[in-house]
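Below is the file protein.txt, which contains compact mmCIF, C-alpha atoms.
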# COMPACT_ATOMS: atom_id res chain seq x y z
CA MET T 458 65.35 -18.31 52.33
CA GLU T 459 64.38 -18.54 48.64
CA ASN T 460 61.28 -16.37 48.97
CA PRO T 461 62.89 -13.24 47.39
CA ILE T 462 63.70 -15.29 44.29
CA TYR T 463 60.14 -16.61 44.05
CA VAL T 464 58.74 -13.08 44.40
CA ALA T 465 61.09 -11.74 41.71
CA LEU T 466 60.23 -14.64 39.39
CA SER T 467 56.49 -13.99 39.85
CA ARG T 468 57.16 -10.38 38.88
CA GLN T 469 59.11 -11.46 35.80
CA GLU T 470 56.34 -13.76 34.65
CA ALA T 471 53.77 -10.97 34.99
CA LEU T 472 56.06 -8.51 33.18
CA SER T 473 56.59 -11.01 30.36
CA ARG T 474 52.84 -11.27 29.80
CA GLN T 475 52.50 -7.48 30.06
CA LEU T 476 55.16 -7.11 27.39
CA ASP T 477 53.13 -9.39 25.09
CA VAL T 478 50.08 -7.15 25.58
CA VAL T 479 52.05 -3.96 24.85
CA ALA T 480 53.63 -5.55 21.78
CA ASN T 481 50.18 -6.57 20.53
CA ASN T 482 48.95 -3.01 20.98
CA ILE T 483 51.86 -1.67 18.93
CA ALA T 484 51.30 -4.29 16.23
CA ASN T 485 47.67 -3.15 15.92
CA MET T 486 48.19 0.61 16.03
CA ASN T 487 47.11 0.80 12.36
CA THR T 488 44.26 -1.72 12.68
CA THR T 489 40.87 -0.15 12.03
CA GLY T 490 38.70 -0.01 15.14
CA TYR T 491 41.25 -1.74 17.39
CA LYS T 492 41.02 -1.02 21.14
CA GLN T 493 44.21 -1.10 23.19
CA GLN T 494 44.43 -3.44 26.16
CA ARG T 495 45.99 -3.22 29.60
CA MET T 496 47.07 -5.86 32.13
CA LEU T 497 45.43 -5.92 35.54
CA PHE T 498 47.60 -6.84 38.52
CA GLN T 499 46.93 -7.72 42.12
CA GLU T 500 48.91 -8.78 45.17
CA TYR T 501 48.79 -12.49 45.98
CA LEU T 502 49.57 -13.42 49.60
CA GLU T 503 50.76 -16.86 50.59
CA LYS T 504 51.28 -18.05 54.15
CA PRO T 505 53.81 -20.92 54.36
CA ALA T 506 53.96 -23.38 57.20
CA ARG T 507 56.40 -21.16 59.14
CA GLY T 508 53.74 -18.48 59.37
CA GLU T 509 55.51 -15.89 57.19
CA ARG T 510 53.39 -13.97 54.70
CA VAL T 511 54.91 -13.78 51.24
CA SER T 512 53.58 -11.25 48.74
CA PHE T 513 53.67 -12.31 45.09
CA VAL T 514 52.73 -10.42 41.91
CA GLN T 515 49.77 -11.85 39.97
CA ASP T 516 48.16 -10.69 36.75
CA TYR T 517 44.53 -11.67 36.71
CA GLY T 518 43.06 -10.26 33.52
CA LEU T 519 42.96 -7.74 30.71
CA MET T 520 41.11 -4.45 30.51
CA ARG T 521 40.07 -3.09 27.13
CA ASP T 522 40.19 0.67 26.59
CA THR T 523 36.81 1.25 24.94
CA ARG T 524 37.39 4.90 24.10
CA ALA T 525 36.79 5.70 20.42
CA GLY T 526 39.73 6.10 18.08
CA ALA T 527 40.22 9.12 15.86
CA LEU T 528 37.98 9.52 12.81
CA GLN T 529 39.89 9.08 9.56
CA VAL T 530 38.18 10.49 6.49
CA THR T 531 38.63 8.28 3.40
CA ASN T 532 35.74 9.44 1.19
CA ASN T 533 35.19 5.80 0.24
CA THR T 534 31.47 5.14 -0.09
CA LEU T 535 31.49 1.86 1.84
CA ASP T 536 33.77 3.00 4.66
CA LEU T 537 31.73 3.51 7.82
CA ALA T 538 32.70 4.75 11.28
CA LEU T 539 30.73 4.50 14.50
CA LYS T 540 30.64 7.35 16.97
CA GLY T 541 30.01 6.46 20.59
CA GLU T 542 29.10 2.93 21.62
CA GLY T 543 27.99 0.14 19.34
CA TYR T 544 29.24 -2.61 17.02
CA PHE T 545 28.44 -3.70 13.49
CA THR T 546 27.07 -7.26 13.32
CA LEU T 547 28.65 -9.81 10.99
CA GLU T 548 27.54 -13.27 9.93
CA THR T 549 29.90 -16.20 10.48
CA LEU T 550 29.57 -19.99 10.49
CA SER T 551 29.94 -19.84 14.28
CA GLY T 552 27.18 -17.31 14.74
CA PRO T 553 27.13 -13.50 14.83
CA ARG T 554 30.38 -11.65 15.49
CA TYR T 555 30.88 -7.96 16.19
CA THR T 556 33.30 -5.31 14.98
CA ARG T 557 34.11 -1.61 15.03
CA ALA T 558 36.07 -1.94 11.79
CA GLY T 559 33.81 -0.42 9.17
CA ASN T 560 36.08 -0.65 6.12
CA PHE T 561 33.51 -2.59 4.12
CA GLN T 562 33.32 -3.65 0.47
CA LEU T 563 31.12 -5.62 -1.94
CA ASN T 564 31.72 -9.27 -2.78
CA ASP T 565 31.01 -10.86 -6.16
CA ARG T 566 27.33 -11.17 -5.19
CA ARG T 567 27.27 -7.45 -4.36
CA GLU T 568 26.77 -8.22 -0.69
CA LEU T 569 28.20 -5.81 1.87
CA VAL T 570 31.09 -7.61 3.60
CA ASP T 571 34.00 -6.77 5.87
CA GLN T 572 37.70 -7.16 4.99
CA ASN T 573 37.49 -10.86 5.91
CA GLY T 574 34.62 -11.41 3.47
CA LEU T 575 32.05 -11.82 6.26
CA PRO T 576 28.56 -10.49 5.39
CA VAL T 577 27.28 -7.44 7.26
CA LEU T 578 23.81 -8.04 8.72
CA ASP T 579 20.77 -5.78 8.82
CA THR T 580 18.27 -5.43 11.67
CA ASN T 581 16.41 -8.52 10.35
CA ASP T 582 19.61 -10.60 10.39
CA ASN T 583 19.71 -10.63 6.60
CA ARG T 584 22.65 -9.88 4.35
CA ILE T 585 22.67 -6.47 2.69
CA THR T 586 22.79 -6.58 -1.11
CA ILE T 587 23.42 -3.53 -3.29
CA PRO T 588 21.53 -3.75 -6.61
CA ASP T 589 23.63 -4.08 -9.74
CA GLY T 590 24.01 -0.72 -11.43
CA ALA T 591 23.30 1.35 -8.31
CA THR T 592 25.37 4.52 -8.46
CA ASP T 593 24.23 6.62 -5.51
CA ILE T 594 24.82 4.65 -2.31
CA LYS T 595 24.10 6.49 0.92
CA ILE T 596 24.35 5.27 4.50
CA GLN T 597 22.52 7.57 6.84
CA GLY T 598 23.49 8.43 10.37
CA ASP T 599 21.10 5.88 11.88
CA GLY T 600 22.49 3.09 9.68
CA THR T 601 19.82 3.15 6.97
CA VAL T 602 21.27 1.95 3.66
CA MET T 603 20.01 3.76 0.55
CA ALA T 604 20.74 3.12 -3.12
CA ASP T 605 19.49 5.55 -5.77
CA ARG T 606 17.10 7.01 -3.16
CA ALA T 607 15.54 3.62 -2.40
CA GLN T 608 15.84 2.21 1.14
CA LEU T 609 17.45 -1.22 1.11
CA ALA T 610 18.04 -2.10 4.74
CA LYS T 611 19.25 -0.82 8.08
CA LEU T 612 22.55 -1.86 9.61
CA LYS T 613 22.29 -3.97 12.74
CA ILE T 614 24.24 -1.95 15.28
CA VAL T 615 24.24 -3.42 18.78
CA SER T 616 25.59 -2.68 22.23
CA PHE T 617 26.36 -4.77 25.31
CA ASP T 618 26.03 -4.20 29.03
CA ASP T 619 29.66 -5.06 29.76
CA GLN T 620 32.16 -4.54 26.96
CA GLN T 621 34.98 -5.93 29.13
CA GLN T 622 33.40 -9.39 28.82
CA MET T 623 33.83 -9.34 25.05
CA GLN T 624 36.60 -11.53 23.66
CA THR T 625 38.89 -10.52 20.82
CA LEU T 626 39.14 -13.12 18.04
CA GLY T 627 41.50 -11.40 15.64
CA GLY T 628 40.74 -9.81 12.30
CA GLY T 629 38.83 -7.07 14.08
CA LEU T 630 36.19 -9.56 15.29
CA MET T 631 34.77 -9.87 18.77
CA THR T 632 32.42 -12.29 20.47
CA THR T 633 30.52 -12.51 23.74
CA THR T 634 27.96 -14.66 25.50
CA GLN T 635 25.96 -11.54 26.37
CA THR T 636 22.67 -10.84 24.66
CA PRO T 637 23.05 -7.91 22.24
CA ARG T 638 20.66 -4.99 22.44
CA PRO T 639 20.00 -2.45 19.69
CA SER T 640 22.09 0.69 20.13
CA ALA T 641 19.85 3.43 21.44
CA ASN T 642 21.30 6.15 19.25
CA PRO T 643 23.67 4.81 16.58
CA GLN T 644 25.80 7.41 14.84
CA VAL T 645 27.24 6.26 11.53
CA THR T 646 29.62 8.39 9.48
CA GLN T 647 29.96 7.44 5.82
CA GLY T 648 33.26 7.90 4.02
CA ALA T 649 35.36 7.48 7.17
CA ILE T 650 36.77 4.79 9.44
CA GLU T 651 37.59 4.67 13.12
CA ALA T 652 41.32 4.43 13.68
CA SER T 653 42.91 2.40 16.45
CA ASN T 654 42.96 4.18 19.81
CA VAL T 655 46.54 3.01 20.44
CA GLN T 656 48.97 5.85 21.21
CA PRO T 657 52.31 4.73 19.72
CA ILE T 658 54.51 6.98 21.87
CA VAL T 659 52.79 5.88 25.08
CA GLU T 660 53.06 2.20 24.13
CA SER T 661 56.72 2.51 23.12
CA THR T 662 57.54 4.24 26.41
CA MET T 663 55.66 1.54 28.30
CA MET T 664 57.58 -1.19 26.48
CA ILE T 665 60.89 0.37 27.52
CA ASP T 666 59.67 0.67 31.11
CA VAL T 667 58.53 -2.97 31.21
CA LEU T 668 61.89 -4.13 29.84
CA ARG T 669 63.73 -2.13 32.49
CA GLN T 670 61.57 -3.55 35.27
CA TYR T 671 62.20 -7.04 33.93
CA GLN T 672 65.95 -6.41 33.99
CA ILE T 673 65.74 -5.14 37.58
CA ALA T 674 63.86 -8.28 38.62
CA GLN T 675 66.44 -10.41 36.82
CA LYS T 676 69.26 -8.64 38.64
CA LEU T 677 67.51 -9.29 41.96
CA VAL T 678 67.24 -12.99 41.13
CA GLU T 679 70.93 -13.17 40.25
CA GLU T 680 72.03 -11.26 43.37
CA GLU T 681 69.86 -13.40 45.63
CA HIS T 682 71.20 -16.53 43.99
CA ASP T 683 74.76 -15.35 44.61
CA ARG T 684 73.92 -14.51 48.23
CA ILE T 685 72.50 -17.97 48.88
CA ARG T 686 75.45 -19.65 47.16
CA ASN T 687 77.94 -17.63 49.20
CA ALA T 688 76.05 -18.41 52.41
CA ILE T 689 76.14 -22.13 51.63
CA THR T 690 79.87 -21.91 50.82
CA HIS T 691 80.66 -20.15 54.08
CA LEU T 692 78.62 -22.64 56.09
CA ALA T 693 80.39 -25.55 54.41
CA LYS T 694 83.80 -24.07 55.23
CA ALA T 695 82.79 -23.42 58.84
CA GLN T 696 82.04 -27.09 59.29

Could you render the structure from this file as structure tokens?
Amino acid sequence: MENPIYVALSRQEALSRQLDVVANNIANMNTTGYKQQRMLFQEYLEKPARGERVSFVQDYGLMRDTRAGALQVTNNTLDLALKGEGYFTLETLSGPRYTRAGNFQLNDRRELVDQNGLPVLDTNDNRITIPDGATDIKIQGDGTVMADRAQLAKLKIVSFDDQQQMQTLGGGLMTTTQTPRPSANPQVTQGAIEASNVQPIVESTMMIDVLRQYQIAQKLVEEEHDRIRNAITHLAKAQ
């Protein structure tokens, strides 16, 4: 008798989590290198003792849209954008982390770091240091770092077999248990960054749609509750 309410509540719970995902996408629409996410849903069937099959709504994971964001030209020497697949490798106390956010800078030791102050690693897992007084810094398309025509290092740009297994940590960082492999053909653009691939209009429209669906589910719960209450009232009077 209460199955419709349970089904509607399962839908509301899934919609609530979907709303969180959409809101997070909107909040990161200006975050360099951010990839929008989508909820994945499936039907969950339960067979009670009476033998009836009840179909619930279940969200079982997130899918990351790995398509590249638009290229934004900044003309800043240390801003780097990746075309195609691949991630920059950063050094952290918890091990290497990966990012598409190439808005780099120099710390007080003239090491190349990201916006969180994490050192950018080269192909030998060493930090990249720009000599004091260097005026002509060039990063070539394959990730080779040059300063005053001298080669300093090569950016460690890696790829993974399954990007959906990567976990977002915040601050543009990602981690995974997969073994990284060197990107076959890295394409680095200097003086530009990769924008978020979030489409604000699409996300705003989706947020409105999710809210409306939530309201519909809520109305169903209220109507079913009223129906059950009225049925109980009528039965009580009949007795």

Judged by only C-alpha atoms, the minimum distance to Glu568 of chain T among T:Thr586, T:Asn581, T:Gln656, T:Thr488 is found for T:Thr586

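Going from atom CA of Val530 of chain T over to atom CA of Gln647 of chain T, you cover 8.8 Å.
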
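Nearest residue to Gln621 of chain T, choosing from T:Glu679, T:Ala607, T:Val645, T:Gln635 and counting all atoms listed in the file: T:Gln635.
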
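Between atom CA of Gln494 of chain T and atom CA of Arg557 of chain T lies a distance of 15.3 Å.
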
To one decimal place, how far is atom CA of Ala604 of chain T from atom CA of Thr531 of chain T in Å? 19.7 Å

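Surrounding residues of (38.0, 11.2, 14.1) at most 10 Å away are T:Ala525, T:Gly526, T:Ala527, T:Leu528, T:Gln529, T:Val530, T:Ala538, T:Leu539, T:Lys540, T:Thr646, T:Ala649, T:Ile650, T:Glu651, T:Ala652 (based on all atoms listed in the file).
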
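Close contacts of segment 542-544 of chain T, defined as residues with an atom at most 7 Å away when counting all atoms listed in the file, with chain neighbours fewer than 2 positions off set aside, comprise T:Lys540, T:Thr546, T:Tyr555, T:Thr556, T:Arg557, T:Ile614, T:Val615, T:Ser616, T:Ser640, T:Pro643.
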
Write a file of the selected residues as a compact mmCIF listing (two decimals), in the coordinates of the input, keeping C-alpha atoms.
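again_3.txt written:
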# COMPACT_ATOMS: atom_id res chain seq x y z
CA LYS T 540 30.64 7.35 16.97
CA THR T 546 27.07 -7.26 13.32
CA TYR T 555 30.88 -7.96 16.19
CA THR T 556 33.30 -5.31 14.98
CA ARG T 557 34.11 -1.61 15.03
CA ILE T 614 24.24 -1.95 15.28
CA VAL T 615 24.24 -3.42 18.78
CA SER T 616 25.59 -2.68 22.23
CA SER T 640 22.09 0.69 20.13
CA PRO T 643 23.67 4.81 16.58

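Minimum distance to Ala471 of chain T across T:Leu575, T:Gln670, T:Met520, T:Gln622 (counting all atoms listed in the file) occurs at T:Gln670.
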
Using all atoms listed in the file, which residues sit within 9 Å of Gln620 of chain T once same-chain residues fewer than 5 positions away are excluded, as an mmCIF file with C-alpha atoms, keeping the file's coordinate frame?
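To be explicit, this is the file written out as part.cif:
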data_model
loop_
_atom_site.group_PDB
_atom_site.id
_atom_site.type_symbol
_atom_site.label_atom_id
_atom_site.label_comp_id
_atom_site.auth_asym_id
_atom_site.auth_seq_id
_atom_site.Cartn_x
_atom_site.Cartn_y
_atom_site.Cartn_z
ATOM 1 C CA ARG T 521 40.070 -3.090 27.130
ATOM 2 C CA THR T 523 36.810 1.250 24.940
ATOM 3 C CA THR T 633 30.520 -12.510 23.740
#

Would you kindly identify which residues have an atom no farther than 10 Å from (32.7, -13.1, 4.2), using only C-alpha atoms and the file's own coordinates, and write them out as a ChimeraX atom specification? /T:547-550,563-564,568-577

Measuring atom to atom with all atoms listed in the file, identify which of T:Val464, T:Leu476, T:Met496, T:Ala558 is nearest to Met631 of chain T. T:Ala558

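With all atoms listed in the file as the basis for measurement, T:Pro588 is the residue among T:Arg638, T:Pro588, T:Asn687, T:Met486 that approaches Arg566 of chain T most closely.
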
Hey, what's within 10 Å of Arg606 of chain T if we count only C-alpha atoms and toss same-chain stuff fewer than 3 positions away? As a ChimeraX atom specification, please? /T:591,593-595,602-603,609

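Of the listed residues T:Ile689, T:Gly518, T:Ala674, T:Leu535, the one whose atoms come nearest to Val478 of chain T is T:Gly518, with distances taken using only C-alpha atoms.
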